[in-house]
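Asks: Got a file for you: model-v2.tsv, TSV, C-alpha atoms and all ligand atoms.
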```tsv
chain	number	residue	atom	x	y	z
A	1	MET	CA	-21.44	4.76	-5.12
A	2	ALA	CA	-18.15	5.39	-6.89
A	3	VAL	CA	-16.68	8.84	-6.37
A	4	ILE	CA	-13.62	8.23	-8.53
A	5	THR	CA	-13.97	6.13	-11.67
A	6	LEU	CA	-10.97	5.50	-13.92
A	7	ARG	CA	-11.49	3.79	-17.28
A	8	GLY	CA	-8.63	2.67	-19.48
A	9	LEU	CA	-6.45	5.35	-17.93
A	10	THR	CA	-3.12	5.54	-19.75
A	11	LYS	CA	-0.24	7.92	-19.34
A	12	VAL	CA	2.75	7.78	-21.65
A	13	TYR	CA	5.53	10.25	-20.86
A	14	PRO	CA	7.91	11.52	-23.54
A	15	GLY	CA	10.50	8.87	-24.28
A	16	ASP	CA	7.71	6.27	-24.48
A	17	VAL	CA	7.57	5.68	-20.71
A	18	ARG	CA	4.22	3.97	-20.10
A	19	ALA	CA	3.57	5.04	-16.49
A	20	LEU	CA	-0.12	3.99	-16.52
A	21	ASP	CA	-1.29	1.20	-18.74
A	22	ALA	CA	-5.06	1.06	-19.47
A	23	LEU	CA	-5.97	1.11	-15.83
A	24	ASP	CA	-9.52	0.62	-14.50
A	25	LEU	CA	-10.41	1.54	-10.94
A	26	GLU	CA	-13.43	2.55	-8.86
A	27	ILE	CA	-13.10	4.19	-5.47
A	28	ALA	CA	-16.23	4.36	-3.32
A	29	ASP	CA	-17.65	7.31	-1.43
A	30	GLY	CA	-15.86	7.81	1.89
A	31	GLU	CA	-13.24	5.20	1.22
A	32	PHE	CA	-9.66	5.44	2.51
A	33	PHE	CA	-7.88	3.91	-0.47
A	34	ALA	CA	-4.14	3.20	-0.70
A	35	LEU	CA	-2.06	2.94	-3.87
A	36	LEU	CA	0.86	0.71	-3.06
A	37	GLY	CA	3.76	-0.53	-5.14
A	38	PRO	CA	7.49	-0.36	-5.73
A	39	SER	CA	9.29	2.77	-6.87
A	40	GLY	CA	8.41	3.77	-10.43
A	41	CYS	CA	5.21	1.68	-10.71
A	42	GLY	CA	3.10	4.76	-11.46
A	43	LYS	CA	1.49	5.65	-8.11
A	44	THR	CA	2.32	9.36	-8.21
A	45	THR	CA	1.38	9.58	-11.88
A	46	LEU	CA	-2.02	8.06	-11.10
A	47	LEU	CA	-2.63	10.58	-8.32
A	48	ARG	CA	-1.45	13.53	-10.43
A	49	THR	CA	-3.63	12.44	-13.34
A	50	VAL	CA	-6.68	12.31	-11.05
A	51	ALA	CA	-5.73	15.77	-9.73
A	52	GLY	CA	-5.31	17.12	-13.25
A	53	LEU	CA	-1.62	17.93	-12.83
A	54	GLU	CA	-0.87	15.44	-15.62
A	55	THR	CA	-2.97	14.99	-18.74
A	56	ALA	CA	-4.12	11.46	-19.54
A	57	THR	CA	-2.79	10.07	-22.83
A	58	ALA	CA	-5.93	7.92	-23.13
A	59	GLY	CA	-8.89	6.88	-20.99
A	60	SER	CA	-11.04	8.87	-18.60
A	61	VAL	CA	-11.28	10.17	-15.04
A	62	ARG	CA	-14.69	10.76	-13.48
A	63	ILE	CA	-15.28	12.40	-10.13
A	64	GLY	CA	-18.84	11.73	-9.04
A	65	GLU	CA	-20.99	12.13	-12.15
A	66	THR	CA	-18.59	14.47	-13.91
A	67	ASP	CA	-16.04	13.50	-16.53
A	68	VAL	CA	-13.06	15.64	-15.44
A	69	THR	CA	-10.50	14.18	-17.85
A	70	ARG	CA	-10.04	17.54	-19.59
A	71	LEU	CA	-10.82	19.85	-16.65
A	72	ALA	CA	-8.18	22.07	-15.03
A	73	PRO	CA	-7.03	20.99	-11.53
A	74	GLY	CA	-8.85	23.87	-9.84
A	75	ARG	CA	-12.20	22.71	-11.25
A	76	ARG	CA	-12.01	19.07	-10.12
A	77	ASP	CA	-13.02	19.45	-6.47
A	78	VAL	CA	-9.90	17.68	-5.16
A	79	GLY	CA	-7.40	18.69	-2.47
A	80	MET	CA	-3.87	17.34	-2.81
A	81	VAL	CA	-1.11	17.00	-0.23
A	82	PHE	CA	2.36	16.52	-1.67
A	83	GLN	CA	5.27	14.54	-0.29
A	84	ASP	CA	7.25	17.73	0.46
A	85	TYR	CA	4.05	19.55	1.57
A	86	ALA	CA	4.81	22.40	-0.90
A	87	LEU	CA	3.93	25.09	1.66
A	88	PHE	CA	4.60	28.72	0.79
A	89	PRO	CA	7.65	29.64	2.93
A	90	HIS	CA	6.93	33.38	3.03
A	91	MET	CA	3.31	32.98	4.17
A	92	SER	CA	1.99	32.46	7.70
A	93	VAL	CA	0.22	29.23	8.65
A	94	THR	CA	-3.12	31.04	8.35
A	95	ASP	CA	-2.35	32.34	4.86
A	96	ASN	CA	-1.08	28.94	3.75
A	97	ILE	CA	-4.25	27.22	4.95
A	98	ALA	CA	-6.49	29.95	3.50
A	99	TYR	CA	-4.72	29.92	0.13
A	100	PRO	CA	-7.19	27.67	-1.76
A	101	LEU	CA	-10.03	29.93	-0.57
A	102	ARG	CA	-8.16	33.00	-1.78
A	103	ILE	CA	-7.90	31.37	-5.20
A	104	LYS	CA	-11.66	30.83	-5.04
A	105	LYS	CA	-11.99	34.59	-4.28
A	106	THR	CA	-13.48	34.03	-0.84
A	107	GLY	CA	-13.40	37.23	1.28
A	108	LYS	CA	-10.55	37.73	3.74
A	109	GLU	CA	-12.61	37.50	6.92
A	110	GLU	CA	-14.42	34.40	5.80
A	111	ARG	CA	-11.28	32.61	4.69
A	112	HIS	CA	-9.43	33.43	7.91
A	113	ALA	CA	-12.36	32.11	9.91
A	114	ALA	CA	-12.38	28.92	7.83
A	115	ALA	CA	-8.60	28.57	8.24
A	116	ALA	CA	-8.90	28.99	12.02
A	117	GLU	CA	-11.59	26.32	12.17
A	118	VAL	CA	-9.59	23.77	10.18
A	119	ALA	CA	-6.42	24.66	12.11
A	120	ALA	CA	-8.23	24.01	15.39
A	121	ALA	CA	-9.42	20.62	14.13
A	122	LEU	CA	-5.82	19.70	13.37
A	123	GLY	CA	-4.37	21.04	16.64
A	124	LEU	CA	-2.59	23.98	15.02
A	125	ASP	CA	-4.31	26.77	17.02
A	126	GLY	CA	-1.21	28.17	18.64
A	127	LEU	CA	0.84	28.27	15.44
A	128	LEU	CA	-1.26	30.41	13.12
A	129	ALA	CA	1.17	33.34	12.89
A	130	ARG	CA	4.27	31.21	12.27
A	131	ARG	CA	5.89	30.51	8.93
A	132	PRO	CA	6.55	26.95	7.70
A	133	GLY	CA	10.28	27.23	8.50
A	134	GLU	CA	9.38	27.67	12.19
A	135	LEU	CA	7.44	24.39	12.37
A	136	SER	CA	8.41	20.76	12.96
A	137	GLY	CA	7.94	18.19	10.18
A	138	GLY	CA	4.77	16.87	11.81
A	139	GLN	CA	3.33	20.39	12.14
A	140	GLN	CA	4.15	21.17	8.51
A	141	GLN	CA	2.34	18.03	7.49
A	142	ARG	CA	-0.74	19.15	9.43
A	143	VAL	CA	-0.63	22.57	7.78
A	144	ALA	CA	-0.49	20.87	4.37
A	145	LEU	CA	-3.49	18.72	5.35
A	146	ALA	CA	-5.33	21.76	6.67
A	147	ARG	CA	-4.72	23.60	3.40
A	148	ALA	CA	-6.11	20.66	1.43
A	149	MET	CA	-9.13	20.53	3.76
A	150	ALA	CA	-9.90	24.24	3.84
A	151	ALA	CA	-11.71	24.26	0.51
A	152	ARG	CA	-13.75	21.22	1.63
A	153	PRO	CA	-12.99	19.16	-1.46
A	154	ARG	CA	-14.91	16.04	-2.41
A	155	VAL	CA	-11.68	14.04	-2.67
A	156	PHE	CA	-8.33	14.13	-0.87
A	157	LEU	CA	-5.24	12.99	-2.72
A	158	LEU	CA	-2.23	12.35	-0.49
A	159	ASP	CA	1.17	11.61	-2.00
A	160	GLU	CA	3.35	9.89	0.61
A	161	PRO	CA	2.34	12.48	3.22
A	162	LEU	CA	4.18	10.67	6.02
A	163	SER	CA	7.49	10.09	4.28
A	164	ASN	CA	9.21	13.18	5.70
A	165	LEU	CA	8.49	12.25	9.31
A	166	ASP	CA	10.77	10.28	11.60
A	167	ALA	CA	9.69	6.80	12.68
A	168	ARG	CA	7.95	7.83	15.91
A	169	LEU	CA	6.10	10.81	14.42
A	170	ARG	CA	5.10	8.65	11.49
A	171	LEU	CA	3.27	6.23	13.73
A	172	GLU	CA	1.52	9.10	15.49
A	173	ALA	CA	0.62	10.74	12.18
A	174	ARG	CA	-0.75	7.44	10.85
A	175	THR	CA	-3.20	7.17	13.73
A	176	PHE	CA	-4.08	10.84	13.47
A	177	LEU	CA	-4.70	10.69	9.73
A	178	LYS	CA	-6.83	7.56	9.98
A	179	LYS	CA	-8.95	9.08	12.75
A	180	LEU	CA	-9.32	12.35	10.87
A	181	GLN	CA	-10.36	10.58	7.68
A	182	ARG	CA	-12.96	8.58	9.61
A	183	GLU	CA	-14.38	11.68	11.22
A	184	LEU	CA	-14.54	13.66	7.98
A	185	GLY	CA	-15.62	10.72	5.84
A	186	VAL	CA	-13.92	12.30	2.83
A	187	THR	CA	-12.94	9.94	0.02
A	188	THR	CA	-9.16	9.76	0.28
A	189	VAL	CA	-6.55	8.27	-2.03
A	190	PHE	CA	-3.22	7.76	-0.38
A	191	VAL	CA	0.06	6.87	-2.15
A	192	THR	CA	2.69	4.90	-0.30
A	193	HIS	CA	5.47	2.46	-1.04
A	194	ASP	CA	5.34	1.29	2.60
A	195	GLN	CA	3.13	-1.78	2.81
A	196	ALA	CA	2.87	-1.63	6.61
A	197	GLU	CA	1.40	1.86	6.26
A	198	ALA	CA	-1.10	0.74	3.64
A	199	LEU	CA	-2.13	-2.35	5.63
A	200	ALA	CA	-2.56	-0.31	8.80
A	201	MET	CA	-4.54	2.58	7.37
A	202	ALA	CA	-6.47	1.71	4.25
A	203	ASP	CA	-10.00	0.35	3.77
A	204	ARG	CA	-8.79	-1.07	0.46
A	205	ILE	CA	-5.46	-1.28	-1.30
A	206	ALA	CA	-4.51	-1.40	-4.97
A	207	VAL	CA	-1.13	-3.05	-5.45
A	208	MET	CA	0.53	-1.70	-8.60
A	209	GLU	CA	3.34	-2.96	-10.79
A	210	ALA	CA	4.61	-1.26	-13.96
A	211	GLY	CA	1.56	0.92	-14.57
A	212	ARG	CA	-1.01	-1.79	-13.86
A	213	ILE	CA	-3.03	-2.89	-10.87
A	214	ARG	CA	-2.09	-6.43	-9.83
A	215	GLN	CA	-4.67	-6.76	-7.02
A	216	ILE	CA	-7.33	-4.71	-5.28
A	217	GLY	CA	-8.63	-5.77	-1.90
A	218	THR	CA	-8.92	-5.11	1.80
A	219	PRO	CA	-5.68	-5.30	3.80
A	220	ALA	CA	-6.75	-8.76	5.04
A	221	GLU	CA	-7.43	-9.98	1.49
A	222	VAL	CA	-4.12	-8.86	0.00
A	223	PHE	CA	-2.24	-10.21	3.02
A	224	ARG	CA	-4.01	-13.58	3.28
A	225	ARG	CA	-4.73	-14.31	-0.36
A	226	PRO	CA	-2.32	-12.48	-2.64
A	227	ALA	CA	-3.70	-12.95	-6.16
A	228	ASN	CA	-0.30	-13.52	-7.74
A	229	VAL	CA	3.34	-14.12	-6.91
A	230	PHE	CA	4.16	-10.42	-7.34
A	231	VAL	CA	1.70	-9.33	-4.62
A	232	ALA	CA	2.68	-12.33	-2.46
A	233	SER	CA	6.33	-11.29	-2.49
A	234	PHE	CA	5.59	-7.58	-2.05
A	235	ILE	CA	3.17	-7.74	0.93
A	236	GLY	CA	4.23	-8.86	4.40
A	237	SER	CA	6.98	-7.57	6.68
A	238	THR	CA	8.72	-10.94	6.42
A	239	PRO	CA	8.42	-12.14	2.82
A	240	MET	CA	6.25	-15.14	2.01
A	241	ASN	CA	7.97	-18.45	1.33
A	242	LEU	CA	7.43	-19.11	-2.39
A	243	ILE	CA	8.82	-22.54	-3.16
A	244	ASP	CA	8.98	-24.24	-6.56
A	245	ALA	CA	6.86	-27.36	-6.23
A	246	ARG	CA	5.10	-30.11	-8.15
A	247	VAL	CA	1.72	-31.80	-7.74
A	248	ARG	CA	2.28	-35.49	-7.09
A	249	GLY	CA	-0.17	-38.25	-6.10
A	250	GLY	CA	-2.76	-35.90	-4.58
A	251	GLN	CA	-0.08	-34.03	-2.66
A	252	VAL	CA	2.29	-31.22	-3.44
A	253	GLU	CA	6.02	-31.78	-3.25
A	254	ALA	CA	8.00	-28.68	-2.25
A	255	ALA	CA	11.72	-28.71	-1.43
A	256	GLY	CA	11.63	-32.54	-1.49
A	257	THR	CA	8.82	-32.55	1.08
A	258	PRO	CA	5.39	-34.10	0.32
A	259	LEU	CA	2.68	-31.84	1.79
A	260	PRO	CA	-1.14	-31.88	1.76
A	261	LEU	CA	-2.69	-29.93	-1.12
A	262	PRO	CA	-4.34	-26.67	-0.01
A	263	ALA	CA	-8.10	-27.33	-0.05
A	264	GLU	CA	-9.04	-24.65	-2.54
A	265	ALA	CA	-6.58	-26.00	-5.12
A	266	ARG	CA	-8.00	-29.54	-5.02
A	267	GLY	CA	-9.51	-30.53	-8.32
A	268	LEU	CA	-7.90	-27.56	-10.05
A	269	VAL	CA	-4.41	-28.97	-10.50
A	270	THR	CA	-3.23	-32.08	-12.29
A	271	ASP	CA	-0.65	-34.65	-11.39
A	272	GLY	CA	2.83	-33.55	-12.42
A	273	GLN	CA	1.88	-29.86	-12.70
A	274	ALA	CA	4.59	-27.36	-11.77
A	275	VAL	CA	3.33	-24.89	-9.14
A	276	VAL	CA	4.69	-22.52	-6.52
A	277	TYR	CA	3.85	-23.35	-2.91
A	278	GLY	CA	3.31	-20.17	-0.88
A	279	VAL	CA	3.15	-19.91	2.88
A	280	ARG	CA	4.01	-17.01	5.16
A	281	PRO	CA	6.65	-17.49	7.84
A	282	ASP	CA	3.85	-16.62	10.32
A	283	TYR	CA	2.00	-19.82	9.34
A	284	LEU	CA	4.77	-22.38	9.83
A	285	ASP	CA	4.88	-24.14	13.19
A	286	TYR	CA	8.44	-24.77	14.21
A	287	SER	CA	9.56	-27.86	16.10
A	288	ALA	CA	12.94	-29.01	17.39
A	289	SER	CA	11.92	-32.68	17.05
A	290	PRO	CA	10.61	-34.67	14.06
A	291	VAL	CA	6.98	-34.11	13.03
A	292	ASP	CA	4.93	-35.21	10.02
A	293	ASP	CA	4.25	-33.04	6.96
A	294	ALA	CA	7.15	-30.77	7.86
A	295	PHE	CA	10.00	-29.13	6.05
A	296	SER	CA	13.09	-30.54	7.68
A	297	GLY	CA	16.55	-29.06	7.51
A	298	ARG	CA	19.49	-27.38	9.15
A	299	VAL	CA	18.99	-24.05	10.90
A	300	ALA	CA	20.97	-21.63	8.73
A	301	VAL	CA	20.11	-18.26	10.34
A	302	VAL	CA	18.21	-17.03	13.39
A	303	GLU	CA	17.22	-13.35	13.23
A	304	ASN	CA	15.89	-11.69	16.35
A	305	LEU	CA	12.84	-9.54	15.50
A	306	GLY	CA	12.01	-8.54	19.08
A	307	SER	CA	9.06	-10.59	20.30
A	308	SER	CA	9.76	-13.33	17.73
A	309	SER	CA	12.63	-14.66	15.64
A	310	LEU	CA	12.83	-15.44	11.95
A	311	VAL	CA	14.38	-18.87	11.57
A	312	THR	CA	15.79	-19.87	8.19
A	313	LEU	CA	15.95	-23.60	7.53
A	314	ASP	CA	18.11	-24.96	4.73
A	315	VAL	CA	15.91	-27.71	3.27
A	316	GLU	CA	17.90	-29.50	0.58
A	317	GLY	CA	19.32	-26.19	-0.59
A	318	VAL	CA	15.95	-24.36	-0.46
A	319	LEU	CA	15.67	-21.69	2.23
A	320	VAL	CA	12.43	-21.86	4.23
A	321	HIS	CA	11.58	-19.13	6.73
A	322	ALA	CA	9.50	-19.64	9.88
A	323	LEU	CA	8.56	-17.18	12.62
A	324	VAL	CA	9.25	-18.61	16.06
A	325	GLY	CA	7.87	-17.09	19.27
A	326	GLU	CA	9.97	-15.93	22.21
A	327	GLY	CA	11.74	-18.77	23.99
A	328	GLY	CA	11.37	-21.31	21.16
A	329	GLU	CA	14.36	-20.14	19.08
A	330	PRO	CA	16.81	-22.83	17.96
A	331	GLU	CA	20.58	-22.44	17.67
A	332	PRO	CA	22.24	-22.23	14.26
A	333	ASP	CA	23.25	-25.61	12.79
A	334	GLU	CA	20.66	-27.55	14.82
A	335	ARG	CA	18.16	-29.67	12.94
A	336	GLY	CA	14.66	-28.23	12.76
A	337	TRP	CA	11.17	-29.02	11.44
A	338	ALA	CA	8.58	-26.54	10.24
A	339	VAL	CA	4.98	-27.58	9.53
A	340	PRO	CA	3.04	-25.32	7.19
A	341	ARG	CA	-0.58	-24.75	8.17
A	342	THR	CA	-2.30	-26.16	5.10
A	343	GLU	CA	-5.34	-23.91	5.57
A	344	ARG	CA	-3.01	-20.92	5.18
A	345	ALA	CA	-0.96	-22.30	2.29
A	346	LEU	CA	-1.52	-21.13	-1.30
A	347	LEU	CA	-0.66	-22.56	-4.68
A	348	TYR	CA	0.36	-20.44	-7.64
A	349	SER	CA	0.41	-21.61	-11.22
A	350	ASP	CA	1.98	-19.46	-13.95
A	351	GLY	CA	2.28	-16.72	-11.35
A	352	ASP	CA	-1.44	-16.61	-10.42
A	353	LEU	CA	-3.27	-17.98	-7.42
A	354	VAL	CA	-4.97	-21.34	-8.02
A	355	ASN	CA	-8.42	-21.07	-6.50
A	356	GLY	CA	-12.06	-21.87	-7.12
A	357	ASN	CA	-13.08	-18.35	-8.24
B	401	LIG	P1	8.01	6.50	-6.46
B	401	LIG	O1	7.48	5.57	-5.42
B	401	LIG	O2	9.48	6.33	-6.70
B	401	LIG	O3	7.58	7.93	-6.28
B	401	LIG	P2	5.89	6.04	-8.40
B	401	LIG	O4	5.29	4.70	-8.28
B	401	LIG	O5	5.15	7.18	-7.80
B	401	LIG	O6	7.38	6.01	-7.88
B	401	LIG	P3	5.87	7.57	-10.84
B	401	LIG	O7	6.56	8.74	-10.23
B	401	LIG	O8	4.43	7.69	-11.13
B	401	LIG	O9	6.10	6.27	-9.96
B	401	LIG	O10	6.64	7.18	-12.18
B	401	LIG	C1	6.21	6.14	-13.06
B	401	LIG	C2	7.16	6.05	-14.23
B	401	LIG	O11	7.08	7.22	-15.03
B	401	LIG	C3	8.63	5.91	-13.83
B	401	LIG	O12	9.26	5.06	-14.76
B	401	LIG	C4	9.15	7.34	-13.97
B	401	LIG	O13	10.52	7.34	-14.24
B	401	LIG	C5	8.33	7.86	-15.11
B	401	LIG	N1	8.09	9.33	-15.02
B	401	LIG	C6	7.50	9.99	-14.01
B	401	LIG	N2	7.40	11.31	-14.28
B	401	LIG	C7	7.94	11.48	-15.52
B	401	LIG	C8	8.12	12.62	-16.40
B	401	LIG	N3	7.71	13.83	-16.03
B	401	LIG	N4	8.72	12.38	-17.58
B	401	LIG	C9	9.12	11.15	-17.97
B	401	LIG	N5	8.97	10.05	-17.21
B	401	LIG	C10	8.39	10.21	-16.00
```
Starting from the coordinates I provided, produce the structure as structure tokens.
Ligand code: ATP

Replies:
Amino acid sequence: MAVITLRGLTKVYPGDVRALDALDLEIADGEFFALLGPSGCGKTTLLRTVAGLETATAGSVRIGETDVTRLAPGRRDVGMVFQDYALFPHMSVTDNIAYPLRIKKTGKEERHAAAAEVAAALGLDGLLARRPGELSGGQQQRVALARAMAARPRVFLLDEPLSNLDARLRLEARTFLKKLQRELGVTTVFVTHDQAEALAMADRIAVMEAGRIRQIGTPAEVFRRPANVFVASFIGSTPMNLIDARVRGGQVEAAGTPLPLPAEARGLVTDGQAVVYGVRPDYLDYSASPVDDAFSGRVAVVENLGSSSLVTLDVEGVLVHALVGEGGEPEPDERGWAVPRTERALLYSDGDLVNGN
């Protein structure tokens, strides 16, 4: 069942900035859902419009069975955690966490008991009397989460909640947040511009560009089968090779190299058609000696990524990237061959994936 349903949601800011453009989206009960996209694509606006902190210009927001489009934030049954946590600096941890209950006019004893319970669940027991300024970034984040949880909302909205943490804490917080969400089973919408974070944590991801959703899918779906060139170039820690190509004689010719057509594109493309051949560096097998169906060129760059290296081949002026495991790295200026795994290759036509669906 959908807990959040957006229909034709549009937000135009003064100055004619169309931050959300007739967007449709359904988020299921208990889902951990990530909104991912480059800066300015409308992620925060989407979250704030669901929370009621921005008014929709057109379209509707439903939470459960209720149309909340015109309801005040306090009446929407959502808890929001902001990027900067927005804790009250003059209040103790307990009072910060209990704040939403105070707004709901819950009695002091009851709200302190509830705050203590949530604080314990988040490992904040020893810090209840402190003020936010006396806490680490990670602890402040937990207080912000605890405050959002205290009122037991139906939906959590998290706006880049990990962005203020250093790299190590961020990894810890990721695991913690994912585990917590699983345990609570609360429908959670999570904004991030960090694709690794979205891939690691979310049940499903919506990839946004300029106020629209370009693809919705599980992390595996958006990684393996990006629906368009935009998503293909945005997702993946090493960007996908996207090479201008042409269908020719039952094959596809990319960077002067005839390659087998990806199976799912067979019958859907015509001879002479201009396409883009997409394959991730992870799915190219590198060889230092000649092999068939391979991109062949001069090694231009070798970047050490730790347990693997990213090798860039110059294939007739087109740069092709391949990930090479430890020990197999070539030297710059050597000749190299890289065979794309056809079952992992994708064809794009006019920017969209060519497939049988
Ligand atoms: P980031 O990752 O940088 O936070 P975002 O994807 O969350 O970006 P939004 O903050 O939703 O993007 O902004 C979407 C667009 O709306 C941007 O072009 C932004 O400049 C514009 N915008 C946001 N808030 C306002 C506002 N209050 N008034 C006018 N324009 C705004």

Asks: Which residues are near Ala210 in chain A? Cut-off 10 Å, all atoms listed in the file, ignore same chain within fewer than 2 positions. Put them as a list in words.

Replies: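 In the requested form, the answer reads Arg18, Ala19, Leu20, Asp21, Gly37, Pro38, Ser39, Gly40, Cys41, Gly42, Lys43, Met208, Arg212, Ile213 and Arg214 of chain A.
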
Asks: Can you work out the spacing between atom C3 of ligand LIG 401 (chain B) and CA of Ala58 in chain A in Å, to one decimal?

Replies: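 Computed distance, atom C3 of ligand LIG 401 (chain B) to CA of Ala58 in chain A, equals 17.4 Å.
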
Asks: If you measure from CA of Leu158 in chain A to CA of Phe82 in chain A, what distance in Å do you get, rounded to one decimal?

Replies: 6.3 Å

Asks: Can you tell me, as a tab-separated table (two decimals) with C-alpha atoms, keeping the file's coordinate frame, which residues sit within 6 Å of (3.2, -23.5, 3.1) in the file's frame, using all atoms listed in the file?

Replies:
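Generated output (part_38.tsv):
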```tsv
chain	number	residue	atom	x	y	z
A	278	GLY	CA	3.31	-20.17	-0.88
A	279	VAL	CA	3.15	-19.91	2.88
A	340	PRO	CA	3.04	-25.32	7.19
A	345	ALA	CA	-0.96	-22.30	2.29
```

Asks: One number please: CA of Arg225 in chain A to CA of Gly185 in chain A, in Å, one decimal.

Replies: 28.0 Å

Asks: Which neighbours of Val222 in chain A fall inside 9 Å, counting all atoms listed in the file, when residues of the same chain fewer than 6 positions from it are skipped, and could you give them as a PyMOL selection string?

Replies: chain A and resi 199+205-207+215-216+231-232+235

Asks: From (6.4, -32.0, 9.2), in the file's coordinates, out to 10 Å: which residues are reached, counting all atoms listed in the file? Answer as a ChimeraX atom specification.

Replies: /A:257-259,284-287,289-296,336-340

Asks: Return the padded bounding box of range 266-279 of chain A as JSON: axis-aligned, built from all atoms listed in the file, 4 Å added on each side, with centre and edge lengths in Å to one decimal.

Replies:
```
{"center_x": -2.4, "center_y": -27.3, "center_z": -4.9, "size_x": 22.2, "size_y": 22.7, "size_z": 23.6}
```

Asks: Env of range 121-133 of chain A: 7 Å cut, atoms = only C-alpha atoms, seq-sep filter 6 positions within chain, self excluded. Answer as a ChimeraX atom specification.

Replies: /A:87,89-94,140,142

Asks: Counting only C-alpha atoms, which of A:Arg168, A:Lys108, A:Arg204, A:Arg280 gets nearest to Glu26 in chain A?

Replies: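 Closest to Glu26 in chain A of all the choices is A:Arg204.
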
Asks: Measuring between only C-alpha atoms and all ligand atoms, which one of A:Tyr85, A:Phe190, A:Phe33, A:Phe176 shows the shortest distance to ligand LIG 401 (chain B)?

Replies: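 Nearest candidate to ligand LIG 401 (chain B) out of A:Tyr85, A:Phe190, A:Phe33, A:Phe176: A:Phe190.
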
Asks: Using all atoms listed in the file, can you tell me which of A:Ile103, A:Ala150, A:Ala98, A:Val191 comes closest to ligand LIG 401 (chain B)?

Replies: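 Once distances to ligand LIG 401 (chain B) are computed over all atoms listed in the file, the minimum belongs to A:Val191.
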
Asks: Could you model N, CA and C atoms for range 239-253 of chain A and present them as a short mmCIF file (atom, residue, chain, number, x, y, z; two decimals), in the coordinates of the input?

Replies:
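The result, written out as part.cif:
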```cif
data_model
loop_
_atom_site.label_atom_id
_atom_site.label_comp_id
_atom_site.auth_asym_id
_atom_site.auth_seq_id
_atom_site.Cartn_x
_atom_site.Cartn_y
_atom_site.Cartn_z
N PRO A 239 8.97 -11.68 4.10
CA PRO A 239 8.42 -12.14 2.82
C PRO A 239 7.88 -13.57 2.88
N MET A 240 6.85 -13.81 2.07
CA MET A 240 6.25 -15.14 2.01
C MET A 240 7.24 -16.15 1.44
N ASN A 241 7.22 -17.37 1.97
CA ASN A 241 7.97 -18.45 1.33
C ASN A 241 7.27 -18.79 0.03
N LEU A 242 8.00 -18.75 -1.08
CA LEU A 242 7.43 -19.11 -2.39
C LEU A 242 8.37 -20.17 -2.96
N ILE A 243 7.92 -21.42 -2.89
CA ILE A 243 8.82 -22.54 -3.16
C ILE A 243 8.37 -23.28 -4.42
N ASP A 244 9.30 -23.47 -5.35
CA ASP A 244 8.98 -24.24 -6.56
C ASP A 244 8.55 -25.63 -6.14
N ALA A 245 7.43 -26.09 -6.70
CA ALA A 245 6.86 -27.36 -6.23
C ALA A 245 6.20 -28.08 -7.40
N ARG A 246 5.76 -29.32 -7.12
CA ARG A 246 5.10 -30.11 -8.15
C ARG A 246 3.96 -30.91 -7.51
N VAL A 247 2.84 -31.00 -8.23
CA VAL A 247 1.72 -31.80 -7.74
C VAL A 247 2.06 -33.26 -7.99
N ARG A 248 1.90 -34.08 -6.94
CA ARG A 248 2.28 -35.49 -7.09
C ARG A 248 1.39 -36.36 -6.20
N GLY A 249 0.64 -37.26 -6.84
CA GLY A 249 -0.17 -38.25 -6.10
C GLY A 249 -1.10 -37.61 -5.09
N GLY A 250 -1.80 -36.54 -5.48
CA GLY A 250 -2.76 -35.90 -4.58
C GLY A 250 -2.11 -35.03 -3.52
N GLN A 251 -0.78 -34.91 -3.61
CA GLN A 251 -0.08 -34.03 -2.66
C GLN A 251 0.71 -33.00 -3.46
N VAL A 252 1.41 -32.16 -2.75
CA VAL A 252 2.29 -31.22 -3.44
C VAL A 252 3.70 -31.39 -2.85
N GLU A 253 4.67 -31.53 -3.73
CA GLU A 253 6.02 -31.78 -3.25
C GLU A 253 6.83 -30.50 -3.41
#
```
